[in-house]
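One file, structure-v2.cif, is given below (mmCIF, N, CA and C atoms).
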```
data_model
loop_
_atom_site.label_atom_id
_atom_site.label_comp_id
_atom_site.auth_asym_id
_atom_site.auth_seq_id
_atom_site.Cartn_x
_atom_site.Cartn_y
_atom_site.Cartn_z
N MET A 255 196.84 -22.25 -28.66
CA MET A 255 196.27 -21.12 -29.39
C MET A 255 194.76 -21.26 -29.35
N ILE A 256 194.12 -20.14 -29.18
CA ILE A 256 192.67 -20.09 -29.14
C ILE A 256 192.18 -19.28 -30.33
N GLY A 257 191.15 -19.77 -30.97
CA GLY A 257 190.50 -19.04 -32.06
C GLY A 257 189.00 -19.02 -31.83
N LEU A 258 188.42 -17.85 -31.83
CA LEU A 258 186.97 -17.71 -31.75
C LEU A 258 186.52 -17.29 -33.14
N ILE A 259 185.81 -18.19 -33.84
CA ILE A 259 185.40 -17.89 -35.21
C ILE A 259 183.92 -17.54 -35.24
N GLN A 260 183.60 -16.58 -36.10
CA GLN A 260 182.22 -16.20 -36.34
C GLN A 260 181.98 -16.13 -37.83
N ARG A 261 180.93 -16.82 -38.27
CA ARG A 261 180.55 -16.74 -39.68
C ARG A 261 179.88 -15.39 -39.87
N VAL A 262 180.35 -14.64 -40.88
CA VAL A 262 179.85 -13.28 -41.07
C VAL A 262 179.42 -13.03 -42.50
N SER A 263 178.48 -12.09 -42.63
CA SER A 263 178.12 -11.55 -43.94
C SER A 263 179.10 -10.45 -44.32
N SER A 264 179.60 -9.75 -43.28
CA SER A 264 180.64 -8.74 -43.46
C SER A 264 181.25 -8.44 -42.10
N ALA A 265 182.49 -7.93 -42.13
CA ALA A 265 183.17 -7.55 -40.89
C ALA A 265 184.27 -6.57 -41.23
N GLY A 266 184.63 -5.76 -40.23
CA GLY A 266 185.70 -4.80 -40.43
C GLY A 266 186.36 -4.44 -39.12
N VAL A 267 187.55 -3.90 -39.22
CA VAL A 267 188.29 -3.46 -38.04
C VAL A 267 188.90 -2.09 -38.32
N ARG A 268 188.78 -1.19 -37.34
CA ARG A 268 189.32 0.17 -37.43
C ARG A 268 190.27 0.42 -36.27
N VAL A 269 191.29 1.22 -36.53
CA VAL A 269 192.20 1.70 -35.50
C VAL A 269 192.25 3.21 -35.64
N GLU A 270 191.88 3.91 -34.58
CA GLU A 270 191.83 5.38 -34.58
C GLU A 270 191.07 5.93 -35.79
N GLY A 271 189.96 5.28 -36.10
CA GLY A 271 189.10 5.72 -37.19
C GLY A 271 189.49 5.25 -38.57
N ASP A 272 190.68 4.68 -38.73
CA ASP A 272 191.14 4.21 -40.04
C ASP A 272 190.81 2.73 -40.21
N VAL A 273 190.22 2.37 -41.36
CA VAL A 273 189.93 0.97 -41.66
C VAL A 273 191.24 0.24 -41.89
N LYS A 274 191.47 -0.81 -41.12
CA LYS A 274 192.68 -1.63 -41.27
C LYS A 274 192.39 -2.93 -42.01
N GLY A 275 191.14 -3.35 -41.99
CA GLY A 275 190.77 -4.56 -42.70
C GLY A 275 189.26 -4.67 -42.77
N SER A 276 188.76 -5.19 -43.88
CA SER A 276 187.32 -5.43 -44.01
C SER A 276 187.10 -6.56 -44.99
N ILE A 277 186.04 -7.32 -44.74
CA ILE A 277 185.71 -8.46 -45.60
C ILE A 277 184.21 -8.48 -45.85
N GLY A 278 183.85 -9.25 -46.87
CA GLY A 278 182.46 -9.58 -47.13
C GLY A 278 182.18 -10.92 -46.47
N ARG A 279 181.51 -11.80 -47.17
CA ARG A 279 181.12 -13.11 -46.63
C ARG A 279 182.36 -13.94 -46.29
N GLY A 280 182.36 -14.51 -45.09
CA GLY A 280 183.48 -15.34 -44.67
C GLY A 280 183.50 -15.54 -43.18
N LEU A 281 184.71 -15.52 -42.61
CA LEU A 281 184.89 -15.71 -41.18
C LEU A 281 185.66 -14.56 -40.57
N LEU A 282 185.24 -14.18 -39.38
CA LEU A 282 186.00 -13.30 -38.51
C LEU A 282 186.58 -14.23 -37.45
N VAL A 283 187.89 -14.18 -37.24
CA VAL A 283 188.51 -15.00 -36.20
C VAL A 283 189.31 -14.12 -35.26
N PHE A 284 189.01 -14.26 -33.97
CA PHE A 284 189.78 -13.62 -32.92
C PHE A 284 190.81 -14.65 -32.46
N ILE A 285 192.09 -14.26 -32.40
CA ILE A 285 193.18 -15.19 -32.09
C ILE A 285 193.90 -14.78 -30.82
N ALA A 286 194.11 -15.75 -29.92
CA ALA A 286 194.91 -15.55 -28.72
C ALA A 286 196.04 -16.57 -28.71
N VAL A 287 197.24 -16.09 -28.47
CA VAL A 287 198.41 -16.96 -28.37
C VAL A 287 198.65 -17.24 -26.89
N GLN A 288 198.96 -18.50 -26.58
CA GLN A 288 199.21 -18.93 -25.21
C GLN A 288 200.69 -19.28 -25.03
N PRO A 289 201.19 -19.27 -23.79
CA PRO A 289 202.63 -19.48 -23.55
C PRO A 289 203.19 -20.79 -24.09
N ASP A 290 202.39 -21.84 -24.15
CA ASP A 290 202.88 -23.14 -24.63
C ASP A 290 202.77 -23.32 -26.13
N ASP A 291 202.32 -22.31 -26.85
CA ASP A 291 202.17 -22.43 -28.30
C ASP A 291 203.53 -22.48 -28.98
N SER A 292 203.51 -22.93 -30.23
CA SER A 292 204.73 -23.07 -31.02
C SER A 292 204.40 -22.75 -32.48
N ALA A 293 205.42 -22.78 -33.32
CA ALA A 293 205.18 -22.56 -34.75
C ALA A 293 204.21 -23.61 -35.29
N GLY A 294 204.32 -24.83 -34.80
CA GLY A 294 203.41 -25.90 -35.22
C GLY A 294 201.97 -25.61 -34.84
N THR A 295 201.77 -24.98 -33.69
CA THR A 295 200.44 -24.62 -33.24
C THR A 295 199.78 -23.66 -34.22
N THR A 296 200.55 -22.70 -34.72
CA THR A 296 199.99 -21.71 -35.65
C THR A 296 199.54 -22.37 -36.94
N VAL A 297 200.33 -23.32 -37.41
CA VAL A 297 199.98 -24.03 -38.65
C VAL A 297 198.71 -24.85 -38.44
N ARG A 298 198.62 -25.54 -37.30
CA ARG A 298 197.42 -26.35 -37.02
C ARG A 298 196.18 -25.48 -36.90
N MET A 299 196.30 -24.32 -36.24
CA MET A 299 195.14 -23.45 -36.09
C MET A 299 194.73 -22.88 -37.45
N ALA A 300 195.70 -22.49 -38.26
CA ALA A 300 195.38 -21.97 -39.60
C ALA A 300 194.64 -23.03 -40.40
N GLU A 301 195.12 -24.25 -40.38
CA GLU A 301 194.47 -25.35 -41.11
C GLU A 301 193.04 -25.55 -40.60
N LYS A 302 192.86 -25.50 -39.30
CA LYS A 302 191.54 -25.70 -38.71
C LYS A 302 190.58 -24.58 -39.14
N VAL A 303 191.03 -23.34 -39.04
CA VAL A 303 190.18 -22.20 -39.41
C VAL A 303 189.81 -22.26 -40.88
N LEU A 304 190.78 -22.52 -41.73
CA LEU A 304 190.55 -22.51 -43.17
C LEU A 304 189.66 -23.66 -43.65
N THR A 305 189.67 -24.77 -42.93
CA THR A 305 188.92 -25.95 -43.38
C THR A 305 187.72 -26.29 -42.51
N TYR A 306 187.46 -25.50 -41.46
CA TYR A 306 186.33 -25.77 -40.57
C TYR A 306 185.03 -25.59 -41.35
N ARG A 307 184.19 -26.59 -41.33
CA ARG A 307 182.98 -26.61 -42.16
C ARG A 307 181.81 -25.94 -41.45
N VAL A 308 181.63 -24.65 -41.72
CA VAL A 308 180.56 -23.88 -41.08
C VAL A 308 179.65 -23.18 -42.08
N PHE A 309 179.90 -23.41 -43.37
CA PHE A 309 179.08 -22.79 -44.42
C PHE A 309 178.17 -23.84 -45.03
N PRO A 310 176.96 -23.44 -45.41
CA PRO A 310 175.98 -24.41 -45.90
C PRO A 310 176.30 -24.95 -47.29
N ASP A 311 176.00 -26.24 -47.45
CA ASP A 311 176.06 -26.84 -48.78
C ASP A 311 174.70 -26.64 -49.45
N THR A 312 174.47 -27.29 -50.56
CA THR A 312 173.21 -27.10 -51.29
C THR A 312 172.00 -27.62 -50.51
N ASP A 313 172.24 -28.50 -49.52
CA ASP A 313 171.16 -29.02 -48.68
C ASP A 313 170.99 -28.21 -47.39
N GLY A 314 171.77 -27.15 -47.23
CA GLY A 314 171.66 -26.32 -46.05
C GLY A 314 172.45 -26.83 -44.85
N ARG A 315 173.23 -27.89 -45.02
CA ARG A 315 174.04 -28.44 -43.92
C ARG A 315 175.40 -27.76 -43.89
N MET A 316 175.95 -27.61 -42.70
CA MET A 316 177.28 -27.00 -42.57
C MET A 316 178.34 -28.00 -43.03
N ASN A 317 178.61 -28.02 -44.33
CA ASN A 317 179.58 -28.94 -44.92
C ASN A 317 180.63 -28.24 -45.78
N ARG A 318 180.64 -26.92 -45.80
CA ARG A 318 181.57 -26.17 -46.65
C ARG A 318 182.48 -25.29 -45.77
N SER A 319 183.69 -25.06 -46.26
CA SER A 319 184.68 -24.27 -45.51
C SER A 319 185.06 -23.01 -46.29
N LEU A 320 185.88 -22.18 -45.66
CA LEU A 320 186.42 -20.99 -46.35
C LEU A 320 187.12 -21.41 -47.64
N ILE A 321 187.96 -22.43 -47.55
CA ILE A 321 188.73 -22.91 -48.71
C ILE A 321 187.80 -23.44 -49.79
N ASP A 322 186.80 -24.23 -49.40
CA ASP A 322 185.88 -24.81 -50.38
C ASP A 322 185.22 -23.74 -51.24
N ASP A 323 184.80 -22.66 -50.60
CA ASP A 323 184.04 -21.63 -51.31
C ASP A 323 184.84 -20.36 -51.60
N GLU A 324 186.17 -20.39 -51.31
CA GLU A 324 187.06 -19.24 -51.53
C GLU A 324 186.46 -17.96 -50.96
N LEU A 325 186.10 -18.03 -49.66
CA LEU A 325 185.51 -16.89 -48.98
C LEU A 325 186.62 -16.04 -48.35
N GLU A 326 186.24 -15.07 -47.53
CA GLU A 326 187.19 -14.11 -47.00
C GLU A 326 187.40 -14.32 -45.50
N LEU A 327 188.55 -13.86 -45.01
CA LEU A 327 188.92 -14.05 -43.61
C LEU A 327 189.44 -12.74 -43.03
N LEU A 328 188.92 -12.38 -41.86
CA LEU A 328 189.42 -11.24 -41.10
C LEU A 328 189.96 -11.78 -39.78
N VAL A 329 191.24 -11.52 -39.50
CA VAL A 329 191.91 -12.03 -38.31
C VAL A 329 192.19 -10.88 -37.36
N VAL A 330 191.76 -11.02 -36.12
CA VAL A 330 191.93 -9.97 -35.11
C VAL A 330 192.64 -10.56 -33.90
N PRO A 331 193.80 -9.98 -33.51
CA PRO A 331 194.47 -10.47 -32.31
C PRO A 331 193.66 -10.09 -31.07
N GLN A 332 193.47 -11.05 -30.15
CA GLN A 332 192.69 -10.75 -28.95
C GLN A 332 193.19 -11.60 -27.78
N PHE A 333 194.21 -11.09 -27.08
CA PHE A 333 194.81 -11.83 -25.98
C PHE A 333 193.82 -12.10 -24.85
N THR A 334 192.75 -11.32 -24.76
CA THR A 334 191.79 -11.50 -23.66
C THR A 334 191.08 -12.85 -23.72
N LEU A 335 191.10 -13.53 -24.86
CA LEU A 335 190.51 -14.87 -24.94
C LEU A 335 191.24 -15.86 -24.04
N ALA A 336 192.50 -15.58 -23.72
CA ALA A 336 193.30 -16.48 -22.89
C ALA A 336 193.17 -16.15 -21.40
N ALA A 337 192.27 -15.27 -21.05
CA ALA A 337 192.10 -14.86 -19.65
C ALA A 337 191.62 -16.02 -18.78
N ASP A 338 192.10 -16.02 -17.55
CA ASP A 338 191.61 -16.95 -16.54
C ASP A 338 190.53 -16.20 -15.77
N THR A 339 189.30 -16.68 -15.87
CA THR A 339 188.17 -16.02 -15.22
C THR A 339 187.57 -16.88 -14.11
N ALA A 340 188.31 -17.89 -13.66
CA ALA A 340 187.79 -18.84 -12.68
C ALA A 340 187.59 -18.24 -11.29
N LYS A 341 188.44 -17.28 -10.93
CA LYS A 341 188.37 -16.72 -9.58
C LYS A 341 188.07 -15.23 -9.63
N GLY A 342 187.27 -14.79 -8.68
CA GLY A 342 187.03 -13.37 -8.51
C GLY A 342 186.28 -12.73 -9.65
N THR A 343 186.39 -11.40 -9.70
CA THR A 343 185.67 -10.63 -10.71
C THR A 343 186.61 -9.82 -11.59
N ARG A 344 187.90 -10.14 -11.53
CA ARG A 344 188.87 -9.49 -12.42
C ARG A 344 189.66 -10.57 -13.12
N PRO A 345 189.74 -10.52 -14.45
CA PRO A 345 190.46 -11.58 -15.17
C PRO A 345 191.96 -11.52 -14.94
N SER A 346 192.58 -12.69 -14.99
CA SER A 346 194.04 -12.80 -14.96
C SER A 346 194.49 -13.14 -16.37
N PHE A 347 195.55 -12.49 -16.83
CA PHE A 347 196.02 -12.75 -18.19
C PHE A 347 197.29 -13.59 -18.23
N SER A 348 197.51 -14.36 -17.17
CA SER A 348 198.69 -15.24 -17.14
C SER A 348 198.59 -16.35 -18.19
N GLY A 349 197.42 -16.60 -18.73
CA GLY A 349 197.24 -17.61 -19.77
C GLY A 349 197.56 -17.10 -21.17
N ALA A 350 197.91 -15.82 -21.28
CA ALA A 350 198.26 -15.24 -22.59
C ALA A 350 199.78 -15.22 -22.73
N ALA A 351 200.25 -15.39 -23.96
CA ALA A 351 201.68 -15.34 -24.23
C ALA A 351 202.21 -13.92 -24.02
N PRO A 352 203.50 -13.79 -23.71
CA PRO A 352 204.09 -12.45 -23.65
C PRO A 352 203.91 -11.74 -25.00
N PRO A 353 203.85 -10.41 -24.99
CA PRO A 353 203.55 -9.66 -26.22
C PRO A 353 204.41 -10.01 -27.44
N GLU A 354 205.71 -10.11 -27.30
CA GLU A 354 206.55 -10.41 -28.48
C GLU A 354 206.28 -11.79 -29.05
N MET A 355 206.09 -12.75 -28.17
CA MET A 355 205.73 -14.11 -28.62
C MET A 355 204.36 -14.07 -29.30
N GLY A 356 203.42 -13.37 -28.68
CA GLY A 356 202.09 -13.25 -29.26
C GLY A 356 202.13 -12.65 -30.65
N ARG A 357 202.91 -11.58 -30.80
CA ARG A 357 203.04 -10.92 -32.11
C ARG A 357 203.65 -11.87 -33.14
N GLN A 358 204.70 -12.57 -32.76
CA GLN A 358 205.39 -13.49 -33.68
C GLN A 358 204.44 -14.58 -34.19
N TYR A 359 203.72 -15.22 -33.27
CA TYR A 359 202.84 -16.31 -33.68
C TYR A 359 201.57 -15.82 -34.36
N PHE A 360 201.11 -14.64 -34.00
CA PHE A 360 199.99 -14.03 -34.72
C PHE A 360 200.39 -13.81 -36.19
N GLU A 361 201.58 -13.25 -36.41
CA GLU A 361 202.07 -13.01 -37.78
C GLU A 361 202.25 -14.33 -38.53
N GLN A 362 202.74 -15.36 -37.85
CA GLN A 362 202.89 -16.67 -38.50
C GLN A 362 201.54 -17.26 -38.88
N PHE A 363 200.55 -17.09 -38.01
CA PHE A 363 199.20 -17.56 -38.31
C PHE A 363 198.67 -16.85 -39.56
N LEU A 364 198.83 -15.52 -39.60
CA LEU A 364 198.40 -14.75 -40.78
C LEU A 364 199.07 -15.25 -42.05
N ALA A 365 200.38 -15.45 -41.99
CA ALA A 365 201.13 -15.91 -43.16
C ALA A 365 200.63 -17.27 -43.64
N ALA A 366 200.36 -18.18 -42.70
CA ALA A 366 199.86 -19.51 -43.07
C ALA A 366 198.50 -19.41 -43.75
N CYS A 367 197.65 -18.52 -43.28
CA CYS A 367 196.33 -18.33 -43.90
C CYS A 367 196.47 -17.71 -45.29
N ARG A 368 197.36 -16.75 -45.42
CA ARG A 368 197.54 -16.05 -46.71
C ARG A 368 198.13 -16.95 -47.78
N GLU A 369 198.82 -18.02 -47.37
CA GLU A 369 199.35 -18.98 -48.35
C GLU A 369 198.23 -19.74 -49.06
N ARG A 370 197.07 -19.87 -48.41
CA ARG A 370 196.03 -20.73 -48.94
C ARG A 370 194.74 -20.03 -49.32
N LEU A 371 194.59 -18.77 -48.91
CA LEU A 371 193.33 -18.07 -49.15
C LEU A 371 193.63 -16.70 -49.76
N PRO A 372 192.94 -16.33 -50.85
CA PRO A 372 193.26 -15.08 -51.53
C PRO A 372 193.01 -13.81 -50.71
N ILE A 373 191.93 -13.79 -49.92
CA ILE A 373 191.60 -12.56 -49.19
C ILE A 373 191.66 -12.83 -47.69
N VAL A 374 192.75 -12.32 -47.08
CA VAL A 374 192.95 -12.40 -45.64
C VAL A 374 193.31 -11.00 -45.16
N GLU A 375 192.43 -10.41 -44.37
CA GLU A 375 192.64 -9.09 -43.80
C GLU A 375 192.94 -9.26 -42.31
N SER A 376 193.47 -8.20 -41.68
CA SER A 376 193.76 -8.35 -40.25
C SER A 376 193.66 -7.03 -39.50
N GLY A 377 193.51 -7.19 -38.19
CA GLY A 377 193.61 -6.08 -37.27
C GLY A 377 195.08 -5.80 -37.01
N VAL A 378 195.35 -4.96 -36.02
CA VAL A 378 196.71 -4.53 -35.69
C VAL A 378 197.06 -5.05 -34.31
N PHE A 379 198.12 -5.83 -34.23
CA PHE A 379 198.54 -6.40 -32.96
C PHE A 379 198.87 -5.28 -31.97
N GLY A 380 198.31 -5.38 -30.77
CA GLY A 380 198.59 -4.42 -29.71
C GLY A 380 197.81 -3.12 -29.76
N ALA A 381 197.01 -2.94 -30.80
CA ALA A 381 196.25 -1.69 -30.95
C ALA A 381 194.88 -1.81 -30.28
N ASN A 382 194.31 -0.66 -29.95
CA ASN A 382 192.92 -0.61 -29.50
C ASN A 382 192.07 -0.56 -30.77
N MET A 383 191.29 -1.60 -31.01
CA MET A 383 190.56 -1.73 -32.27
C MET A 383 189.06 -1.66 -32.06
N GLU A 384 188.38 -1.19 -33.08
CA GLU A 384 186.92 -1.24 -33.13
C GLU A 384 186.56 -2.27 -34.20
N VAL A 385 185.89 -3.33 -33.77
CA VAL A 385 185.52 -4.42 -34.67
C VAL A 385 184.02 -4.37 -34.90
N SER A 386 183.63 -4.42 -36.16
CA SER A 386 182.20 -4.48 -36.49
C SER A 386 181.96 -5.74 -37.30
N LEU A 387 180.76 -6.29 -37.14
CA LEU A 387 180.44 -7.50 -37.89
C LEU A 387 178.95 -7.68 -38.02
N VAL A 388 178.58 -8.39 -39.06
CA VAL A 388 177.22 -8.87 -39.21
C VAL A 388 177.34 -10.38 -39.13
N ASN A 389 176.96 -10.94 -37.97
CA ASN A 389 177.08 -12.37 -37.73
C ASN A 389 176.01 -13.09 -38.53
N ASP A 390 176.42 -14.08 -39.29
CA ASP A 390 175.52 -14.84 -40.16
C ASP A 390 175.11 -16.11 -39.44
N GLY A 391 173.89 -16.15 -38.95
CA GLY A 391 173.40 -17.35 -38.27
C GLY A 391 172.58 -17.03 -37.05
N PRO A 392 173.16 -16.69 -35.94
CA PRO A 392 174.59 -16.58 -35.69
C PRO A 392 175.28 -17.95 -35.61
N VAL A 393 176.50 -17.98 -36.10
CA VAL A 393 177.33 -19.18 -36.05
C VAL A 393 178.67 -18.77 -35.45
N THR A 394 178.97 -19.28 -34.25
CA THR A 394 180.19 -18.94 -33.53
C THR A 394 180.76 -20.20 -32.89
N PHE A 395 182.08 -20.42 -33.05
CA PHE A 395 182.73 -21.60 -32.48
C PHE A 395 184.04 -21.20 -31.81
N TRP A 396 184.35 -21.88 -30.71
CA TRP A 396 185.59 -21.72 -29.96
C TRP A 396 186.51 -22.87 -30.41
N LEU A 397 187.67 -22.54 -30.95
CA LEU A 397 188.63 -23.55 -31.39
C LEU A 397 189.89 -23.45 -30.53
N GLU A 398 190.48 -24.59 -30.22
CA GLU A 398 191.76 -24.60 -29.50
C GLU A 398 192.69 -25.60 -30.15
N THR A 399 193.96 -25.26 -30.17
CA THR A 399 195.00 -26.18 -30.59
C THR A 399 196.10 -26.10 -29.55
N GLY A 400 196.86 -27.14 -29.43
CA GLY A 400 197.92 -27.13 -28.43
C GLY A 400 199.12 -27.86 -28.92
#
```
Full structure transcribed into structure tokens:
Amino acid sequence: MIGLIQRVSSAGVRVEGDVKGSIGRGLLVFIAVQPDDSAGTTVRMAEKVLTYRVFPDTDGRMNRSLIDDELELLVVPQFTLAADTAKGTRPSFSGAAPPEMGRQYFEQFLAACRERLPIVESGVFGANMEVSLVNDGPVTFWLETG
């Protein structure tokens, strides 16, 4: 599983003009499910996202997490993160899980996050989405679990 996290002041996702999720201060995470992922992978990624220390402490060091400060999370499915871009000028998506598997593990990831964090919003799996954000920092990290 791949997660691209961005520390944000605010973020939102729309589908056909309708707001599907929006947050204030917290993290926006784009999630891609890969063919070798499992239920355990979703739990590990959720734990990593929720506890990854990217927020400043009183000394300005990145020592605080979403859980520490009870911040907000917006989760957006994005299978394109699993693209193979090594050859040519057109990506191959063989590194992404089949759609039903992707949907299942995306939903499991959401559920694991919602068990531990009060505000977890999400995009819509398989939809064409418009994502807006105000990146705080900017602070962006690529996370992988296997």
List as a tab-separated table (two decimals) with N, CA and C atoms, in the coordinates of the input the protein and nucleic acid residues near Glu270 (chain A), meaning an atom at most 8 Å away when only N, CA and C atoms are counted, but skip any in the same chain fewer than 2 places from it.
```tsv
chain	number	residue	atom	x	y	z
A	267	VAL	N	187.55	-3.90	-39.22
A	267	VAL	CA	188.29	-3.46	-38.04
A	267	VAL	C	188.90	-2.09	-38.32
A	268	ARG	N	188.78	-1.19	-37.34
A	268	ARG	CA	189.32	0.17	-37.43
A	268	ARG	C	190.27	0.42	-36.27
A	272	ASP	N	190.68	4.68	-38.73
A	272	ASP	CA	191.14	4.21	-40.04
A	272	ASP	C	190.81	2.73	-40.21
A	273	VAL	N	190.22	2.37	-41.36
A	273	VAL	CA	189.93	0.97	-41.66
A	273	VAL	C	191.24	0.24	-41.89
A	381	ALA	N	197.01	-2.94	-30.80
A	381	ALA	CA	196.25	-1.69	-30.95
A	381	ALA	C	194.88	-1.81	-30.28
A	382	ASN	N	194.31	-0.66	-29.95
A	382	ASN	CA	192.92	-0.61	-29.50
A	382	ASN	C	192.07	-0.56	-30.77
A	383	MET	N	191.29	-1.60	-31.01
A	383	MET	CA	190.56	-1.73	-32.27
A	383	MET	C	189.06	-1.66	-32.06
A	384	GLU	N	188.38	-1.19	-33.08
A	384	GLU	CA	186.92	-1.24	-33.13
A	384	GLU	C	186.56	-2.27	-34.20
```
> Quick one: of A:Gln260, A:Gln288, A:Ser319, A:Thr296, who's nearest to Ala350 (chain A), counting all atoms listed in the file?
Replying inline: A:Gln288
> Between A:Leu397, A:Ile321, A:Ala340, A:Val330, which is the closest to Gly377 (chain A) once you count only N, CA and C atoms?
Replying inline: A:Val330
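Around region 334-337 of chain A, within 6 Å and counting only N, CA and C atoms, the residues found are Ala286, Pro345, Ser346, Phe347, Ser348, Gly349 and Ala350 of chain A, once anything fewer than 3 positions away on its own chain is removed.
With only N, CA and C atoms as the atoms that count, the minimum distance from Glu326 (chain A) to the choices A:Val287, A:Ile373, A:Val262, A:Leu304 is reached by A:Ile373.
For the pair CA of Pro372 (chain A) and atom C of Glu324 (chain A), the interatomic distance is 7.4 Å.
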> To one decimal place, how far is CA of Ser292 (chain A) from CA of Ile256 (chain A) in Å?
Replying inline: 12.6 Å
> Which protein, DNA or RNA residues have an atom at most 9 Å from (182.6, -19.6, -30.2), counting only C-alpha atoms? List them as a PyMOL selection string.
Replying inline: chain A and resi 257-260+393-397
>> as an NGL selection string, please: every residue in chain A that DSSP puts in helix (DSSP H, G or I).
In response: :A and (293-305 or 320-323 or 333-336 or 353-370)
Kindly resolve the PyMOL selection byres ((chain A and resi 354-366) around 6) on the present coordinates and return the residues as a compact mmCIF listing (two decimals) with N, CA and C atoms, in the frame of the given file.
```txt
# COMPACT_ATOMS: atom_id res chain seq x y z
N VAL A 287 197.24 -16.09 -28.47
CA VAL A 287 198.41 -16.96 -28.37
C VAL A 287 198.65 -17.24 -26.89
N THR A 296 200.55 -22.70 -34.72
CA THR A 296 199.99 -21.71 -35.65
C THR A 296 199.54 -22.37 -36.94
N VAL A 297 200.33 -23.32 -37.41
CA VAL A 297 199.98 -24.03 -38.65
C VAL A 297 198.71 -24.85 -38.44
N ALA A 300 195.70 -22.49 -38.26
CA ALA A 300 195.38 -21.97 -39.60
C ALA A 300 194.64 -23.03 -40.40
N ALA A 351 200.25 -15.39 -23.96
CA ALA A 351 201.68 -15.34 -24.23
C ALA A 351 202.21 -13.92 -24.02
N PRO A 352 203.50 -13.79 -23.71
CA PRO A 352 204.09 -12.45 -23.65
C PRO A 352 203.91 -11.74 -25.00
N PRO A 353 203.85 -10.41 -24.99
CA PRO A 353 203.55 -9.66 -26.22
C PRO A 353 204.41 -10.01 -27.44
N CYS A 367 197.65 -18.52 -43.28
CA CYS A 367 196.33 -18.33 -43.90
C CYS A 367 196.47 -17.71 -45.29
N ARG A 368 197.36 -16.75 -45.42
CA ARG A 368 197.54 -16.05 -46.71
C ARG A 368 198.13 -16.95 -47.78
N GLU A 369 198.82 -18.02 -47.37
CA GLU A 369 199.35 -18.98 -48.35
C GLU A 369 198.23 -19.74 -49.06
N ARG A 370 197.07 -19.87 -48.41
CA ARG A 370 196.03 -20.73 -48.94
C ARG A 370 194.74 -20.03 -49.32
```
